[in-house]
file entry_26.csv (CSV, C-alpha atoms)
chain,number,residue,atom,x,y,z
A,1,VAL,CA,4.5,-19.9,-10.1
A,2,HIS,CA,4.1,-17.7,-13.2
A,3,ALA,CA,2.0,-14.7,-14.0
A,4,PRO,CA,-1.3,-15.5,-15.5
A,5,THR,CA,-1.4,-14.9,-19.3
A,6,GLY,CA,-2.9,-16.4,-22.4
A,7,ALA,CA,-6.4,-16.6,-24.0
A,8,GLY,CA,-8.9,-14.4,-22.3
A,9,MET,CA,-6.2,-12.6,-20.4
A,10,ASN,CA,-5.8,-9.4,-22.5
A,11,GLU,CA,-6.5,-6.4,-20.3
A,12,ILE,CA,-3.6,-4.3,-19.2
A,13,ALA,CA,-3.5,-3.1,-15.6
A,14,ALA,CA,-1.4,-0.5,-13.7
A,15,LEU,CA,-0.9,-1.7,-10.1
A,16,PHE,CA,0.2,0.8,-7.5
A,17,ASP,CA,1.6,0.1,-4.1
A,18,MET,CA,0.5,2.8,-1.6
A,19,ASP,CA,3.0,3.8,1.1
A,20,HIS,CA,6.0,5.7,-0.4
A,21,THR,CA,4.5,5.2,-3.9
A,22,LEU,CA,1.2,7.1,-3.9
A,23,ILE,CA,1.8,8.8,-0.6
A,24,TRP,CA,5.0,9.7,1.3
A,25,LYS,CA,3.8,8.4,4.7
A,26,ASN,CA,3.8,5.0,6.3
A,27,THR,CA,0.2,4.1,6.9
A,28,GLY,CA,0.9,2.0,10.1
A,29,LEU,CA,2.9,4.7,11.8
A,30,SER,CA,0.7,7.6,10.6
A,31,SER,CA,-2.5,5.9,11.9
A,32,LEU,CA,-0.8,5.2,15.2
A,33,GLN,CA,0.2,8.9,15.5
A,34,TYR,CA,-3.3,10.0,14.6
A,35,SER,CA,-4.8,7.6,17.2
A,36,TYR,CA,-2.4,9.0,19.8
A,37,ARG,CA,-3.5,12.5,19.1
A,38,LEU,CA,-7.1,11.4,19.7
A,39,GLY,CA,-6.1,9.7,23.0
A,40,LEU,CA,-6.8,6.2,21.7
A,41,VAL,CA,-3.4,4.7,22.2
A,42,PRO,CA,-0.5,5.4,24.6
A,43,LEU,CA,2.7,7.1,23.5
A,44,GLY,CA,4.6,3.9,23.9
A,45,PHE,CA,2.8,2.4,20.9
A,46,VAL,CA,3.9,5.3,18.7
A,47,VAL,CA,7.5,5.1,19.9
A,48,GLN,CA,7.5,1.4,19.2
A,49,GLY,CA,6.0,2.1,15.8
A,50,ILE,CA,8.9,4.4,14.9
A,51,VAL,CA,11.4,1.8,16.0
A,52,ASN,CA,9.6,-0.9,14.1
A,53,ILE,CA,9.5,1.1,10.9
A,54,ALA,CA,13.3,1.5,11.1
A,55,LEU,CA,13.7,-2.3,11.7
A,56,TYR,CA,11.3,-3.0,8.8
A,57,ARG,CA,13.3,-0.9,6.4
A,58,LEU,CA,16.4,-2.9,7.5
A,59,SER,CA,14.6,-6.2,7.2
A,60,LEU,CA,15.0,-6.9,10.9
A,61,LEU,CA,11.3,-7.1,11.8
A,62,ASN,CA,8.7,-9.8,11.5
A,63,ILE,CA,6.1,-7.5,9.8
A,64,GLU,CA,3.3,-10.1,10.2
A,65,GLN,CA,3.6,-10.2,14.0
A,66,TRP,CA,3.7,-6.4,14.3
A,67,TYR,CA,0.7,-6.1,12.0
A,68,GLU,CA,-1.3,-8.7,13.9
A,69,ARG,CA,-0.5,-7.0,17.2
A,70,ASN,CA,-1.8,-3.7,15.8
A,71,MET,CA,-4.9,-5.3,14.4
A,72,SER,CA,-5.6,-6.9,17.8
A,73,LEU,CA,-6.2,-3.4,19.2
A,74,LEU,CA,-9.2,-3.2,16.9
A,75,THR,CA,-11.0,-6.2,18.3
A,76,GLY,CA,-14.7,-5.5,18.9
A,77,ILE,CA,-14.8,-2.3,16.8
A,78,SER,CA,-17.3,-2.2,14.0
A,79,LEU,CA,-16.1,-2.1,10.4
A,80,ASN,CA,-18.3,0.9,9.8
A,81,ASP,CA,-16.6,2.8,12.6
A,82,MET,CA,-13.1,1.9,11.2
A,83,GLU,CA,-14.1,3.1,7.8
A,84,ARG,CA,-15.2,6.4,9.4
A,85,PHE,CA,-11.9,6.6,11.3
A,86,GLY,CA,-10.0,5.8,8.1
A,87,ARG,CA,-11.6,8.7,6.3
A,88,GLN,CA,-10.9,11.1,9.2
A,89,TRP,CA,-7.3,9.9,9.4
A,90,PHE,CA,-6.9,10.4,5.6
A,91,GLU,CA,-8.3,13.9,5.6
A,92,THR,CA,-6.3,15.0,8.6
A,93,SER,CA,-3.0,13.3,8.1
A,94,VAL,CA,-2.6,11.8,4.6
A,95,ARG,CA,-4.4,13.7,1.8
A,96,HIS,CA,-1.7,16.4,1.6
A,97,THR,CA,1.0,13.7,1.4
A,98,ILE,CA,-0.2,12.3,-2.0
A,99,TYR,CA,2.6,12.9,-4.5
A,100,ARG,CA,1.7,15.1,-7.4
A,101,ASP,CA,3.9,12.9,-9.6
A,102,SER,CA,1.9,9.8,-8.6
A,103,VAL,CA,-1.4,11.4,-9.6
A,104,ARG,CA,0.1,12.4,-12.9
A,105,LEU,CA,1.3,8.8,-13.4
A,106,VAL,CA,-2.2,7.5,-12.6
A,107,GLU,CA,-3.7,9.9,-15.1
A,108,ARG,CA,-1.3,8.8,-17.8
A,109,HIS,CA,-2.4,5.2,-17.4
A,110,ARG,CA,-6.0,6.2,-17.3
A,111,SER,CA,-5.6,8.0,-20.6
A,112,GLU,CA,-4.1,4.8,-22.1
A,113,GLY,CA,-7.2,2.8,-21.0
A,114,HIS,CA,-5.4,0.7,-18.4
A,115,ARG,CA,-7.2,-0.8,-15.5
A,116,LEU,CA,-6.1,1.0,-12.3
A,117,VAL,CA,-5.6,-0.8,-9.0
A,118,VAL,CA,-4.1,0.0,-5.6
A,119,ILE,CA,-2.5,-3.1,-4.2
A,120,SER,CA,-1.4,-2.8,-0.5
A,121,ASN,CA,-0.7,-4.7,2.6
A,122,SER,CA,-2.7,-2.1,4.6
A,123,PRO,CA,-6.3,-2.8,5.5
A,124,PRO,CA,-9.0,-1.7,3.2
A,125,PHE,CA,-10.3,1.0,5.5
A,126,PHE,CA,-7.0,2.8,5.1
A,127,VAL,CA,-6.4,2.1,1.4
A,128,ARG,CA,-9.8,3.1,0.0
A,129,PRO,CA,-9.7,6.8,0.9
A,130,VAL,CA,-6.3,7.1,-0.8
A,131,ALA,CA,-7.4,5.2,-3.9
A,132,GLU,CA,-10.5,7.3,-4.2
A,133,ALA,CA,-8.5,10.6,-3.9
A,134,VAL,CA,-6.4,9.6,-6.9
A,135,GLY,CA,-9.3,8.4,-8.9
A,136,ILE,CA,-8.8,4.6,-8.5
A,137,ALA,CA,-11.9,2.6,-7.9
A,138,GLU,CA,-10.4,-0.8,-7.3
A,139,ILE,CA,-8.3,-1.9,-4.4
A,140,VAL,CA,-6.6,-5.2,-3.5
A,141,THR,CA,-5.5,-5.5,0.1
A,142,THR,CA,-4.9,-7.7,3.1
A,143,GLY,CA,-8.2,-8.9,4.3
A,144,VAL,CA,-9.6,-8.3,7.8
A,145,GLU,CA,-11.8,-10.9,9.6
A,146,THR,CA,-15.2,-9.7,10.7
A,147,ARG,CA,-18.2,-11.4,12.4
A,148,GLU,CA,-21.5,-9.6,11.9
A,149,GLY,CA,-19.8,-6.5,10.9
A,150,ILE,CA,-17.4,-6.5,13.9
A,151,LEU,CA,-13.6,-6.8,13.6
A,152,THR,CA,-12.2,-9.9,15.3
A,153,GLY,CA,-8.7,-8.4,15.4
A,154,ARG,CA,-7.5,-11.1,13.0
A,155,LEU,CA,-6.1,-10.8,9.5
A,156,LEU,CA,-7.0,-13.1,6.6
A,157,ARG,CA,-4.1,-14.9,5.0
A,158,PRO,CA,-2.1,-14.7,2.9
A,159,LEU,CA,-1.2,-11.1,3.7
A,160,CYS,CA,-0.8,-8.9,0.7
A,161,TYR,CA,2.9,-8.8,1.4
A,162,GLY,CA,6.0,-10.5,-0.1
A,163,LYS,CA,5.1,-13.7,-1.9
A,164,GLY,CA,1.6,-13.3,-0.6
A,165,LYS,CA,1.2,-10.1,-2.6
A,166,ARG,CA,2.4,-11.9,-5.7
A,167,ASP,CA,-0.1,-14.7,-5.2
A,168,ILE,CA,-3.0,-12.4,-4.4
A,169,ALA,CA,-2.2,-10.4,-7.6
A,170,PHE,CA,-2.1,-13.6,-9.6
A,171,GLN,CA,-5.5,-14.6,-8.2
A,172,TRP,CA,-7.0,-11.2,-8.9
A,173,ALA,CA,-5.6,-11.1,-12.5
A,174,ARG,CA,-7.0,-14.5,-13.3
A,175,GLY,CA,-10.4,-13.5,-12.0
A,176,ASN,CA,-10.4,-10.2,-14.0
A,177,GLY,CA,-8.9,-11.2,-17.3
A,178,VAL,CA,-5.8,-9.2,-16.7
A,179,ASP,CA,-2.5,-10.1,-18.4
A,180,LEU,CA,0.2,-9.4,-15.9
A,181,ALA,CA,2.8,-10.0,-18.6
A,182,THR,CA,1.8,-6.7,-20.2
A,183,SER,CA,0.9,-4.9,-17.1
A,184,TYR,CA,2.7,-2.4,-14.8
A,185,PHE,CA,3.5,-2.4,-11.1
A,186,TYR,CA,4.9,0.5,-9.2
A,187,THR,CA,6.4,0.1,-5.7
A,188,ASP,CA,9.0,1.4,-3.3
A,189,SER,CA,9.7,-1.8,-1.4
A,190,PHE,CA,12.2,-4.6,-1.8
A,191,TYR,CA,9.6,-7.0,-0.3
A,192,ASP,CA,7.6,-6.6,-3.6
A,193,VAL,CA,10.3,-8.1,-5.8
A,194,HIS,CA,8.4,-11.4,-6.0
A,195,LEU,CA,5.6,-9.6,-7.9
A,196,MET,CA,8.0,-7.3,-9.8
A,197,ARG,CA,9.8,-10.3,-11.3
A,198,GLU,CA,6.6,-11.7,-12.7
A,199,ILE,CA,5.0,-8.6,-14.2
A,200,GLY,CA,5.7,-7.1,-17.6
A,201,HIS,CA,6.7,-3.6,-16.6
A,202,PRO,CA,8.1,-3.4,-13.0
A,203,VAL,CA,8.9,0.2,-11.8
A,204,ALA,CA,10.7,1.1,-8.6
A,205,VAL,CA,9.3,4.3,-7.2
A,206,ASN,CA,11.3,6.1,-4.4
A,207,PRO,CA,12.9,2.7,-3.8
A,208,ASP,CA,14.4,1.6,-0.6
A,209,ARG,CA,18.2,0.8,-0.7
A,210,ARG,CA,17.9,-2.8,-1.5
A,211,LEU,CA,15.2,-2.4,-4.2
A,212,ARG,CA,17.3,0.3,-5.8
A,213,ARG,CA,20.2,-2.1,-6.1
A,214,VAL,CA,18.0,-4.9,-7.5
A,215,ALA,CA,16.2,-2.5,-10.0
A,216,ALA,CA,19.5,-1.2,-11.3
A,217,ALA,CA,20.8,-4.8,-11.7
A,218,MET,CA,17.7,-5.9,-13.5
A,219,GLY,CA,17.4,-2.9,-15.7
A,220,TRP,CA,14.0,-1.9,-14.2
A,221,LYS,CA,12.9,1.7,-14.5
A,222,ILE,CA,13.4,3.8,-11.3
A,223,LEU,CA,11.4,6.9,-10.5
A,224,ASP,CA,12.1,9.4,-7.7
A,225,PHE,CA,9.2,11.6,-6.8
A,226,ARG,CA,9.6,15.0,-5.1
A,227,ARG,CA,7.6,15.6,-2.0
A,228,ILE,CA,5.3,18.0,-3.8
A,229,SER,CA,1.6,17.4,-2.9
A,230,ALA,CA,-1.2,16.9,-5.4
A,231,PHE,CA,-3.5,18.3,-2.7
A,232,PRO,CA,-1.5,20.9,-0.7
A,233,ARG,CA,-3.0,22.1,2.6
A,234,CYS,CA,-4.7,25.4,2.4
A,235,THR,CA,-3.1,28.1,4.5
A,236,GLY,CA,-4.5,31.3,5.8
call {"tool": "encode", "arguments": {"input": "entry_26.csv", "output": "structure tokens"}}
result
Amino acid sequence: VHAPTGAGMNEIAALFDMDHTLIWKNTGLSSLQYSYRLGLVPLGFVVQGIVNIALYRLSLLNIEQWYERNMSLLTGISLNDMERFGRQWFETSVRHTIYRDSVRLVERHRSEGHRLVVISNSPPFFVRPVAEAVGIAEIVTTGVETREGILTGRLLRPLCYGKGKRDIAFQWARGNGVDLATSYFYTDSFYDVHLMREIGHPVAVNPDRRLRRVAAAMGWKILDFRRISAFPRCTG
């Protein structure tokens, strides 16, 4: 499998992962914590979420099974309600965790005329508010199954994760005339190396330990953002 390139594929894109790249929170855990504060899930789910994040960072967790379990909690909820929940979660828990450095990076690519995209394994109702806040109109995410506007609790495959993220990015690029060989991809996660190896300008942002090692070995650029918010909370 190779990145789409060639005749008609001449647009340069800048693709941004979301968690720990645009924001310094983990979407899955943050949304569980917010749900707990609203009384929507028991404390045990939050505790398990904390454990699972640690296992995920150590590559000891089947992320697909955990994701599917979390999605099953949403069975029967309307997509419109989840979009409203996602915006409330974002304003309450996430807006202030957007890196100032990431917004500056997005603006640099915008000034260069690059196509801007957030590509994330998180569902669209969590990704879109973040993307809009940093001025990115286009998102590529794991799909959620709906019937007549109601969530079934199932995810659409492939997930936008690992090799699936690479394949989804290839499909998106082919459909939009984007040359990935001249494009940029920013991510923190070792699980994204499949796409990083195929893109012209892979950049490790706040990388986990394994990605930092791979990036150093491959000669990829490494960025470490400080936790300074682009949208700090108002006090007083």
call {"tool": "atom_distance", "arguments": {"input": "entry_26.csv", "atom1": "atom CA of Asn80 of chain A", "atom2": "atom CA of Asn26 of chain A"}}
result
22.7 Å
call {"tool": "atom_distance", "arguments": {"input": "entry_26.csv", "atom1": "atom CA of Phe45 of chain A", "atom2": "atom CA of Ala131 of chain A"}}
result
27.0 Å
call {"tool": "atom_distance", "arguments": {"input": "entry_26.csv", "atom1": "atom CA of Arg95 of chain A", "atom2": "atom CA of Glu132 of chain A"}}
result
10.7 Å
call {"tool": "closest_residue", "arguments": {"input": "entry_26.csv", "among": "A:Glu11, A:Glu91, A:Asp17, A:Glu64", "to": "Val203 of chain A", "atoms": "all atoms listed in the file"}}
result
A:Asp17
call {"tool": "residues_around", "arguments": {"input": "entry_26.csv", "residues": "Asp192 of chain A", "least_positions_apart": "3", "cutoff": "12 Å", "atoms": "all atoms listed in the file", "output": "JSON, numbers by chain"}}
result
{"A": [15, 16, 17, 18, 119, 120, 121, 160, 161, 162, 163, 164, 165, 166, 167, 169, 185, 186, 187, 188, 189, 195, 196, 197, 198, 199, 202, 203, 204, 205, 207, 208, 210, 211, 214, 215]}
call {"tool": "closest_residue", "arguments": {"input": "entry_26.csv", "among": "A:Ser93, A:Val134, A:Glu68, A:Ala181", "to": "Leu29 of chain A", "atoms": "all atoms listed in the file"}}
result
A:Ser93
call {"tool": "residues_near_point", "arguments": {"input": "entry_26.csv", "point": "(3.8, 10.5, -5.3)", "cutoff": "10 Å", "atoms": "all atoms listed in the file", "output": "mmCIF file with C-alpha atoms, in the frame of the given file"}}
result
data_model
loop_
_atom_site.group_PDB
_atom_site.id
_atom_site.type_symbol
_atom_site.label_atom_id
_atom_site.label_comp_id
_atom_site.auth_asym_id
_atom_site.auth_seq_id
_atom_site.Cartn_x
_atom_site.Cartn_y
_atom_site.Cartn_z
ATOM 1 C CA MET A 18 0.500 2.800 -1.600
ATOM 2 C CA ASP A 19 3.000 3.800 1.100
ATOM 3 C CA HIS A 20 6.000 5.700 -0.400
ATOM 4 C CA THR A 21 4.500 5.200 -3.900
ATOM 5 C CA LEU A 22 1.200 7.100 -3.900
ATOM 6 C CA ILE A 23 1.800 8.800 -0.600
ATOM 7 C CA TRP A 24 5.000 9.700 1.300
ATOM 8 C CA THR A 97 1.000 13.700 1.400
ATOM 9 C CA ILE A 98 -0.200 12.300 -2.000
ATOM 10 C CA TYR A 99 2.600 12.900 -4.500
ATOM 11 C CA ARG A 100 1.700 15.100 -7.400
ATOM 12 C CA ASP A 101 3.900 12.900 -9.600
ATOM 13 C CA SER A 102 1.900 9.800 -8.600
ATOM 14 C CA VAL A 103 -1.400 11.400 -9.600
ATOM 15 C CA ARG A 104 0.100 12.400 -12.900
ATOM 16 C CA LEU A 105 1.300 8.800 -13.400
ATOM 17 C CA VAL A 106 -2.200 7.500 -12.600
ATOM 18 C CA VAL A 205 9.300 4.300 -7.200
ATOM 19 C CA ASN A 206 11.300 6.100 -4.400
ATOM 20 C CA LEU A 223 11.400 6.900 -10.500
ATOM 21 C CA ASP A 224 12.100 9.400 -7.700
ATOM 22 C CA PHE A 225 9.200 11.600 -6.800
ATOM 23 C CA ARG A 226 9.600 15.000 -5.100
ATOM 24 C CA ARG A 227 7.600 15.600 -2.000
ATOM 25 C CA ILE A 228 5.300 18.000 -3.800
ATOM 26 C CA SER A 229 1.600 17.400 -2.900
ATOM 27 C CA ALA A 230 -1.200 16.900 -5.400
#
call {"tool": "closest_residue", "arguments": {"input": "entry_26.csv", "among": "A:Arg213, A:Arg174, A:Arg128, A:His194", "to": "Phe90 of chain A", "atoms": "only C-alpha atoms"}}
result
A:Arg128
call {"tool": "closest_residue", "arguments": {"input": "entry_26.csv", "among": "A:Arg87, A:Arg69, A:Arg212, A:His96", "to": "Val193 of chain A", "atoms": "only C-alpha atoms"}}
result
A:Arg212
call {"tool": "closest_residue", "arguments": {"input": "entry_26.csv", "among": "A:Ile136, A:Leu79, A:Gln33, A:Val117", "to": "Ala173 of chain A", "atoms": "only C-alpha atoms"}}
result
A:Val117
call {"tool": "closest_residue", "arguments": {"input": "entry_26.csv", "among": "A:Trp172, A:Leu155, A:Gly39, A:Ala133", "to": "Phe231 of chain A", "atoms": "only C-alpha atoms"}}
result
A:Ala133
call {"tool": "residues_near_point", "arguments": {"input": "entry_26.csv", "point": "(-10.6, -3.5, 15.6)", "cutoff": "10 Å", "atoms": "only C-alpha atoms", "output": "JSON list (two decimals) with C-alpha atoms, in the coordinates of the input"}}
result
[["chain", "number", "residue", "atom", "x", "y", "z"],
["A", 70, "ASN", "CA", -1.80, -3.70, 15.80],
["A", 71, "MET", "CA", -4.90, -5.30, 14.40],
["A", 72, "SER", "CA", -5.60, -6.90, 17.80],
["A", 73, "LEU", "CA", -6.20, -3.40, 19.20],
["A", 74, "LEU", "CA", -9.20, -3.20, 16.90],
["A", 75, "THR", "CA", -11.00, -6.20, 18.30],
["A", 76, "GLY", "CA", -14.70, -5.50, 18.90],
["A", 77, "ILE", "CA", -14.80, -2.30, 16.80],
["A", 78, "SER", "CA", -17.30, -2.20, 14.00],
["A", 79, "LEU", "CA", -16.10, -2.10, 10.40],
["A", 81, "ASP", "CA", -16.60, 2.80, 12.60],
["A", 82, "MET", "CA", -13.10, 1.90, 11.20],
["A", 144, "VAL", "CA", -9.60, -8.30, 7.80],
["A", 145, "GLU", "CA", -11.80, -10.90, 9.60],
["A", 146, "THR", "CA", -15.20, -9.70, 10.70],
["A", 150, "ILE", "CA", -17.40, -6.50, 13.90],
["A", 151, "LEU", "CA", -13.60, -6.80, 13.60],
["A", 152, "THR", "CA", -12.20, -9.90, 15.30],
["A", 153, "GLY", "CA", -8.70, -8.40, 15.40],
["A", 154, "ARG", "CA", -7.50, -11.10, 13.00]]
call {"tool": "decode", "arguments": {"input": "entry_26.csv", "residues": "segment 165-210 of chain A", "atoms": "C-alpha atoms", "output": "short mmCIF file (atom, residue, chain, number, x, y, z; two decimals), in the first residue's frame"}}
result
data_model
loop_
_atom_site.label_atom_id
_atom_site.label_comp_id
_atom_site.auth_asym_id
_atom_site.auth_seq_id
_atom_site.Cartn_x
_atom_site.Cartn_y
_atom_site.Cartn_z
CA LYS A 165 -6.17 5.43 9.85
CA ARG A 166 -3.65 5.04 7.05
CA ASP A 167 -6.20 3.41 4.76
CA ILE A 168 -8.88 6.00 5.55
CA ALA A 169 -6.37 8.79 4.90
CA PHE A 170 -5.49 7.23 1.53
CA GLN A 171 -9.16 7.00 0.57
CA TRP A 172 -9.78 10.59 1.62
CA ALA A 173 -6.73 11.82 -0.31
CA ARG A 174 -7.75 10.02 -3.49
CA GLY A 175 -11.23 11.49 -3.29
CA ASN A 176 -9.97 15.03 -2.72
CA GLY A 177 -7.00 15.36 -5.03
CA VAL A 178 -4.50 15.51 -2.15
CA ASP A 179 -0.91 14.39 -2.65
CA LEU A 180 0.11 12.76 0.63
CA ALA A 181 3.71 12.58 -0.59
CA THR A 182 3.93 16.36 -0.20
CA SER A 183 1.58 16.67 2.78
CA TYR A 184 2.09 16.91 6.55
CA PHE A 185 0.86 14.74 9.41
CA TYR A 186 1.14 15.67 13.10
CA THR A 187 0.54 13.07 15.82
CA ASP A 188 1.64 11.98 19.29
CA SER A 189 0.95 8.28 18.92
CA PHE A 190 3.12 5.32 17.96
CA TYR A 191 -0.05 3.71 16.59
CA ASP A 192 0.03 6.25 13.76
CA VAL A 193 3.39 5.15 12.36
CA HIS A 194 1.66 3.36 9.46
CA LEU A 195 0.44 6.71 8.11
CA MET A 196 3.59 8.57 9.14
CA ARG A 197 5.73 6.24 7.03
CA GLU A 198 3.63 7.01 3.95
CA ILE A 199 3.32 10.79 4.21
CA GLY A 200 5.82 13.33 2.95
CA HIS A 201 6.32 15.29 6.16
CA PRO A 202 5.61 13.25 9.32
CA VAL A 203 5.96 15.20 12.58
CA ALA A 204 5.86 13.71 16.08
CA VAL A 205 4.09 16.09 18.48
CA ASN A 206 4.40 15.45 22.22
CA PRO A 207 5.22 11.86 21.21
CA ASP A 208 4.76 8.86 23.44
CA ARG A 209 7.94 6.99 24.33
CA ARG A 210 7.85 4.55 21.43
#
